[in-house]
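Asker: Encoded as structure tokens, here's the structure I'll be asking about.
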Amino acid sequence: MARDFEAVLDECLEVIARGAPLDECLARYPKYAARLRPLLETATSVRSVRPPLPDPAGQFAGRQQFMARAAQLKQARHQSRRGLLLKPLAAAASLALLLLVGTGFTSYAATQSQPDSPLYPMKLRLEDARLLLTFGDDDEQLDLMLDQLERRQGEVRWLMAHDKSVEGNVLGELQGRAEDVVGKLDEPDMPANLKERAEDVLSEQSDLLVVAWNRVPAPSQVRYAEALAESYNGLHKLSEKSSTPEVSAPSRISPEEVAGGVVRIEGSVEECCTNDKMRIGGTTVDVPEGTVELGLTSPRLGQKAVVTAARSEDGVLSALKVSVSGVEQQAESLRFSLHGTLENIVDNRLRVGGWQADLEKRTVQIGRLTRGHLVEVLGTVSTNGQFQIDTVRSFPVEEAKRRLIFEGTIDDIETEKGAEYWVVSGQRFLISGAFIDAHPQPYAIGVRVQIEAQRKGQELVALKIVVLRGQGQQGVIKLEGIIEQTRDGWAVGGLPVTLGRNLDQPVAGGHVLLTGRISSEGKLSVSDLVTFPSGLLRLQGPVQQSGASQLIVVGVPFALSDDVEINGTPAVGARAVVWGTARTDGTWEAAYVDVLDVNVSR
């Protein structure tokens with residue numbers, strides 16, 4: 001396999017750099033000796049040459065020349081047998097060039113580098129050279145390309161996990177590697193295992209980029225659009241190659257159609273699919289023929305669906321993927337949201353407030369997972385109680401102060417330069433990149449919603465939106481987060497609040513739930529305040545069982561004491577937020593219950 005040879009070459013270069021004889025390395029790996037010898041002899045011959053210091057412009061020009069030469073060699077493969085015989089020498093010369101203009105025998109360190117390392121450009125050049133070694137074997141080359149594409153995805157994950165921005169250079173490399181893979185999909189007689197692997201890798205890249213939108217700075221959003229379009233177009237090409245005459249392949253999407261970011265909407269299908277358009281969750285989405293994920297069939301009216309859509313600069317939504325499920329499948333899993341203090345993480349097993357679950361390969365980590373930090377866990381739980389974590393986000397103390405959960409009524413929906421903004425009870429939220437749970441009912445002006453948001457500069461950026469059933473009390477607003485003292489009084493997530501005179505003064509830095517109305521001065525006038533002690537777990541999701549002494553929310557049983565405060569009626573099917581603590585028997589004891597959906601019959 002290409003990845004085995006790559007590892008052997010890295011090891012031999014490192015061993016020789018420490019002074020070991022070339023023959024010793026060849027003796028270790030007789031299987032690869034013939035391929036290793038010309039490369040290692042070339043590397044040894046330039047070992048004494050002092051490498052010049054490269055400048056960025058020279059590196060860029062060198063890469064362009066290198067890739068142009070690679071394209072020439074690829075074309076020559078189809079022209080002469082003699083060209084095939086010369087390829088190992090061309091590859092050796094290319095590797096020698098890299099060793100000369102790089103940093104000597106630091107290739108092993110380069111292969112382990114991340115995008116913020118000065119060795120990262122050398123890592124990419126070495127990968128280009130290794131691709132040359134596989135000319136003549138299309139299957140081996142595609143396998144290696146997929147390895148490299150997975151590395152690029154791993155680097156995006158690493159940046160997000162280390163609370164770094166996903167910059168244009170990284171997205172450009174991701175798009176380039178995906179383009180290489182998509183180009184190979186035209187090869188005839190592609191083995192089924194490689195086709196399946198290509199589909200998995202491109203699908204994982206698509207899902208990863210959807211989550212990464214809010215980590216991409218504005219100057220890099222063009223690169224982001226190109227990378228996302230390339231991954232989806234690759235999936236479309238795979239679908240096209242396997243399509244039947246009865247089912248047309250999905251349409252391609254251009255980077256311009258992704259210029260305004262992405263949004264995910266879960267809801268019931270209200271209209272489909274007249275003139276290739278679908279209405280779901282209160283909004284209309286263009287759905288090119290064949291975009292539906294399961295069975296490539298049109299969704300039925302009233303059927304539950306999840307749409308991942310790209311937003312263009314003029315605000316038009318185009319479906320990238322539509323997942324549908326039958327009525328009998330809707331109860332298979334329930335979506336949950338959990339907040340608490342990270343207690344521990346060992347062997348990818350997360351422990352928050354006594355609750356435990358495993359991080360999967362596809363789990364997206366945002367921010368460093370540090371003990372004592374507030375974390376938000378999003379995912380699903382099956383009917384047999386198995387939790388699957390989709391995203392885990394860590395909030396350091398200062399970032400946690402900029403986070404808030406706001407519940408109010410939609411006043412207006414605006415579009416500005418392709419981005420969508422919602423005005424909710426007087427507060428403006430940027431919606432691009434958010435997940436919208438609109439399954440109970442469509443969102444529209446006058447509908448009540450709960451928005452989890454993060455303040456970035458002067459903007460409140462929505463991360464997740466839940467459309468609530470029932471109107472609740474007219475004009476009543478709820479605000480949750482860390483309360484801080486300011487010159488003018490108090491604020492939560494940067495929003496100023498005025499506490500009623502009959503309320504106890506909170507402790508700055510405490511987690512609170514405030515209820516009130518907007519005053520004539522534009523502040524939230526608080527009539528009720530609940531303070532939550534540190535260490536409580538906050539779980540949000542559908543109520544599965546409700547009784548006088550116990551409440552089960554998304555598989556977690558909460559014991560209800562006589563003095564627990566319950567705001568609303570926790571009917572089965574209604575979504576609720578429960579704050580509680582773990583008990584030694586594996587159950588939880590509820591400290592406070594807030595029912596989000598009102599007027600839900602049992």
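Identifiers in this document derive from the order of the structure tokens: chains are assigned A, B, ..., residues are numbered from 1 separately in each chain, and ligands are numbered from 1 in order of occurrence.
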Hey, what's within 6 Å of A:Gly281 if we count only C-alpha atoms and toss same-chain stuff fewer than 3 positions away? As a count of residues only, please?

Answerer: 4

Asker: Go through stretch 148-385 of chain A and collect every residue that DSSP, computed from the backbone, puts in helix (DSSP H, G or I); the answer should be as an MDAnalysis selection string.

Answerer: chainID A and resid 148:161 168:184 192:215 218:242 255:258 274:276 327:329

Asker: Got a sec: who's within 7 Å of stretch 352-356 of chain A, counting only C-alpha atoms, leaving out chain neighbours fewer than 5 positions off, as a ChimeraX atom specification?

Answerer: /A:340-343,535-537,582

Asker: Report as a PyMOL selection string all protein, DNA and RNA residues lying within 12 Å of A:Gly500, evaluated on only C-alpha atoms, omitting residues in the same chain fewer than 2 positions from it.

Answerer: chain A and resi 489-490+497-498+502-506+514-517+519+524-529

Asker: Store the residues picked out above in a file with N, CA and C atoms, as a PDB file, in the first residue's frame.

Answerer:
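Final file, part_17.pdb:
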ATOM      1  N   GLY A 489     -24.566  48.675  35.439  1.00  0.00           N
ATOM      2  CA  GLY A 489     -25.394  47.706  36.149  1.00  0.00           C
ATOM      3  C   GLY A 489     -24.972  46.280  35.864  1.00  0.00           C
ATOM      4  N   TRP A 490     -25.850  45.534  35.161  1.00  0.00           N
ATOM      5  CA  TRP A 490     -25.591  44.116  34.907  1.00  0.00           C
ATOM      6  C   TRP A 490     -25.771  43.812  33.420  1.00  0.00           C
ATOM      7  N   VAL A 497     -29.081  44.354  31.375  1.00  0.00           N
ATOM      8  CA  VAL A 497     -30.317  43.962  32.048  1.00  0.00           C
ATOM      9  C   VAL A 497     -30.496  44.837  33.293  1.00  0.00           C
ATOM     10  N   THR A 498     -31.755  45.028  33.658  1.00  0.00           N
ATOM     11  CA  THR A 498     -32.092  45.772  34.874  1.00  0.00           C
ATOM     12  C   THR A 498     -32.825  44.836  35.816  1.00  0.00           C
ATOM     13  N   ASN A 502     -37.025  43.830  44.014  1.00  0.00           N
ATOM     14  CA  ASN A 502     -37.346  42.752  44.952  1.00  0.00           C
ATOM     15  C   ASN A 502     -36.454  41.524  44.767  1.00  0.00           C
ATOM     16  N   LEU A 503     -35.546  41.565  43.796  1.00  0.00           N
ATOM     17  CA  LEU A 503     -34.693  40.403  43.510  1.00  0.00           C
ATOM     18  C   LEU A 503     -33.405  40.481  44.305  1.00  0.00           C
ATOM     19  N   ASP A 504     -32.916  39.310  44.699  1.00  0.00           N
ATOM     20  CA  ASP A 504     -31.605  39.245  45.354  1.00  0.00           C
ATOM     21  C   ASP A 504     -30.517  39.571  44.336  1.00  0.00           C
ATOM     22  N   GLN A 505     -29.490  40.259  44.804  1.00  0.00           N
ATOM     23  CA  GLN A 505     -28.381  40.599  43.917  1.00  0.00           C
ATOM     24  C   GLN A 505     -27.559  39.332  43.607  1.00  0.00           C
ATOM     25  N   PRO A 506     -27.320  39.036  42.336  1.00  0.00           N
ATOM     26  CA  PRO A 506     -26.545  37.829  41.988  1.00  0.00           C
ATOM     27  C   PRO A 506     -25.061  38.046  42.215  1.00  0.00           C
ATOM     28  N   LEU A 514     -32.807  34.482  33.443  1.00  0.00           N
ATOM     29  CA  LEU A 514     -33.567  35.689  33.716  1.00  0.00           C
ATOM     30  C   LEU A 514     -34.864  35.684  32.904  1.00  0.00           C
ATOM     31  N   THR A 515     -35.919  36.165  33.487  1.00  0.00           N
ATOM     32  CA  THR A 515     -37.198  36.308  32.803  1.00  0.00           C
ATOM     33  C   THR A 515     -37.683  37.741  32.981  1.00  0.00           C
ATOM     34  N   GLY A 516     -38.141  38.357  31.893  1.00  0.00           N
ATOM     35  CA  GLY A 516     -38.601  39.743  32.008  1.00  0.00           C
ATOM     36  C   GLY A 516     -39.140  40.266  30.695  1.00  0.00           C
ATOM     37  N   ARG A 517     -39.199  41.580  30.584  1.00  0.00           N
ATOM     38  CA  ARG A 517     -39.698  42.254  29.398  1.00  0.00           C
ATOM     39  C   ARG A 517     -38.768  43.402  29.031  1.00  0.00           C
ATOM     40  N   SER A 519     -37.792  47.038  28.454  1.00  0.00           N
ATOM     41  CA  SER A 519     -38.270  48.321  28.987  1.00  0.00           C
ATOM     42  C   SER A 519     -38.236  49.381  27.893  1.00  0.00           C
ATOM     43  N   LEU A 524     -33.526  44.695  29.179  1.00  0.00           N
ATOM     44  CA  LEU A 524     -34.386  43.653  29.707  1.00  0.00           C
ATOM     45  C   LEU A 524     -34.661  43.951  31.180  1.00  0.00           C
ATOM     46  N   SER A 525     -35.896  44.235  31.477  1.00  0.00           N
ATOM     47  CA  SER A 525     -36.300  44.488  32.854  1.00  0.00           C
ATOM     48  C   SER A 525     -36.664  43.152  33.486  1.00  0.00           C
ATOM     49  N   VAL A 526     -35.840  42.677  34.412  1.00  0.00           N
ATOM     50  CA  VAL A 526     -35.939  41.321  34.943  1.00  0.00           C
ATOM     51  C   VAL A 526     -36.924  41.264  36.101  1.00  0.00           C
ATOM     52  N   SER A 527     -37.884  40.351  35.983  1.00  0.00           N
ATOM     53  CA  SER A 527     -38.863  40.155  37.059  1.00  0.00           C
ATOM     54  C   SER A 527     -38.598  38.868  37.834  1.00  0.00           C
ATOM     55  N   ASP A 528     -37.845  37.948  37.230  1.00  0.00           N
ATOM     56  CA  ASP A 528     -37.542  36.682  37.906  1.00  0.00           C
ATOM     57  C   ASP A 528     -36.111  36.282  37.593  1.00  0.00           C
ATOM     58  N   LEU A 529     -35.415  35.810  38.614  1.00  0.00           N
ATOM     59  CA  LEU A 529     -34.010  35.434  38.455  1.00  0.00           C
ATOM     60  C   LEU A 529     -33.763  34.097  39.145  1.00  0.00           C
TER      61      LEU A 529
END

Asker: Apply DSSP to the structure's backbone, then extract all residues of stretch 365-397 of chain A labelled strand (DSSP E or B) and return them as JSON, numbers by chain.

Answerer: {"A": [365, 366, 374, 375, 376, 377, 378, 379, 380, 381, 382, 387, 388, 389, 390, 391, 392, 393, 394, 395]}

Asker: Can you list, as a PyMOL selection string, every protein, DNA or RNA residue that comes within 7 Å of stretch 222-238 of chain A when you count only C-alpha atoms, leaving out same-chain residues fewer than 4 positions away?

Answerer: chain A and resi 168+171-172+174-175+178-179+182+199+202+205-206+209+242+249-255+258-259

Asker: Save out the residues we just selected, C-alpha atoms, as a short mmCIF file (atom, residue, chain, number, x, y, z; two decimals), in the first residue's frame.

Answerer:
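Resulting contents of result-v5.cif:
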data_model
loop_
_atom_site.label_atom_id
_atom_site.label_comp_id
_atom_site.auth_asym_id
_atom_site.auth_seq_id
_atom_site.Cartn_x
_atom_site.Cartn_y
_atom_site.Cartn_z
CA GLY A 168 -7.57 30.27 3.24
CA LEU A 171 -8.87 25.50 2.72
CA GLY A 172 -7.01 25.90 -0.58
CA LEU A 174 -8.11 20.92 1.13
CA GLN A 175 -9.85 21.98 -2.07
CA ALA A 178 -10.29 17.06 -3.17
CA GLU A 179 -9.96 18.23 -6.77
CA VAL A 182 -12.49 14.05 -8.01
CA GLU A 199 -17.52 8.54 -1.03
CA LEU A 202 -15.80 13.32 0.54
CA GLN A 205 -15.30 16.56 4.33
CA SER A 206 -18.71 17.99 3.41
CA LEU A 209 -16.94 22.08 6.37
CA SER A 242 -23.77 4.82 -10.37
CA ALA A 249 -27.70 12.39 -10.94
CA PRO A 250 -27.54 15.42 -8.62
CA SER A 251 -26.70 18.78 -10.13
CA ARG A 252 -23.36 20.46 -9.51
CA ILE A 253 -23.01 23.50 -7.28
CA SER A 254 -20.76 26.49 -7.90
CA PRO A 255 -18.70 28.36 -5.27
CA VAL A 258 -22.02 29.11 -1.27
CA ALA A 259 -20.83 32.71 -0.96
#

Asker: Measure the distance from atom CA of A:Ala453 to atom CA of A:Leu334 in Å and round it to one decimal.

Answerer: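 If I compute the distance from atom CA of A:Ala453 to atom CA of A:Leu334, I get 21.9 Å.
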
Asker: Would you mind listing what lies within 6 Å of stretch 455-470 of chain A as a compact mmCIF listing (two decimals) with C-alpha atoms, in the first residue's frame, with only C-alpha atoms counted and same-chain residues fewer than 2 positions away left out?

Answerer:
# COMPACT_ATOMS: atom_id res chain seq x y z
CA ARG A 402 -19.84 36.03 25.50
CA PHE A 429 -28.81 37.70 15.35
CA LEU A 430 -26.70 36.55 12.38
CA ILE A 431 -28.22 33.24 11.26
CA ALA A 434 -26.78 27.99 12.42
CA PHE A 435 -28.69 24.74 12.87
CA ILE A 436 -32.44 25.43 12.89
CA ASP A 437 -34.74 22.91 14.56
CA ALA A 438 -38.08 23.83 13.00
CA ARG A 448 -41.35 32.13 19.42
CA VAL A 449 -37.78 30.78 19.23
CA GLN A 450 -34.85 29.94 21.45
CA ILE A 451 -31.44 31.01 20.10
CA GLU A 452 -28.06 29.86 21.39
CA ALA A 453 -25.59 32.52 20.29
CA GLY A 472 -46.06 31.60 25.68
CA ASP A 597 -42.99 24.02 24.48
CA VAL A 598 -46.39 25.08 25.80

Asker: As an exercise, work out the distance from atom CA of A:Thr308 to atom CA of A:Asp163 in Å and give it to one decimal place.

Answerer: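 Taking atom CA of A:Thr308 and atom CA of A:Asp163, their separation equals 24.4 Å.
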
Asker: How many Å lie between atom CA of A:Pro115 and atom CA of A:Val166, rounded to one decimal?

Answerer: 9.5 Å

Asker: Counting only C-alpha atoms, what is within 8 Å of A:Arg152, bar same-chain residues fewer than 6 positions away, as a ChimeraX atom specification?

Answerer: /A:170,173-174,177

Asker: With N, CA, C and O atoms retained, write the just-selected residues as a CSV table (one decimal), in the first residue's frame.

Answerer:
chain,number,residue,atom,x,y,z
A,170,VAL,N,-5.1,26.8,4.2
A,170,VAL,CA,-5.5,25.4,4.6
A,170,VAL,C,-6.7,24.9,3.7
A,170,VAL,O,-6.8,23.8,3.2
A,173,GLU,N,-5.6,24.1,0.2
A,173,GLU,CA,-5.0,22.8,0.1
A,173,GLU,C,-6.0,21.7,0.2
A,173,GLU,O,-5.9,20.7,-0.5
A,174,LEU,N,-7.0,21.9,1.0
A,174,LEU,CA,-8.1,20.9,1.1
A,174,LEU,C,-8.9,20.8,-0.2
A,174,LEU,O,-9.1,19.7,-0.7
A,177,ARG,N,-6.6,19.0,-2.9
A,177,ARG,CA,-6.5,17.6,-2.7
A,177,ARG,C,-7.9,16.9,-3.1
A,177,ARG,O,-7.9,15.9,-3.7
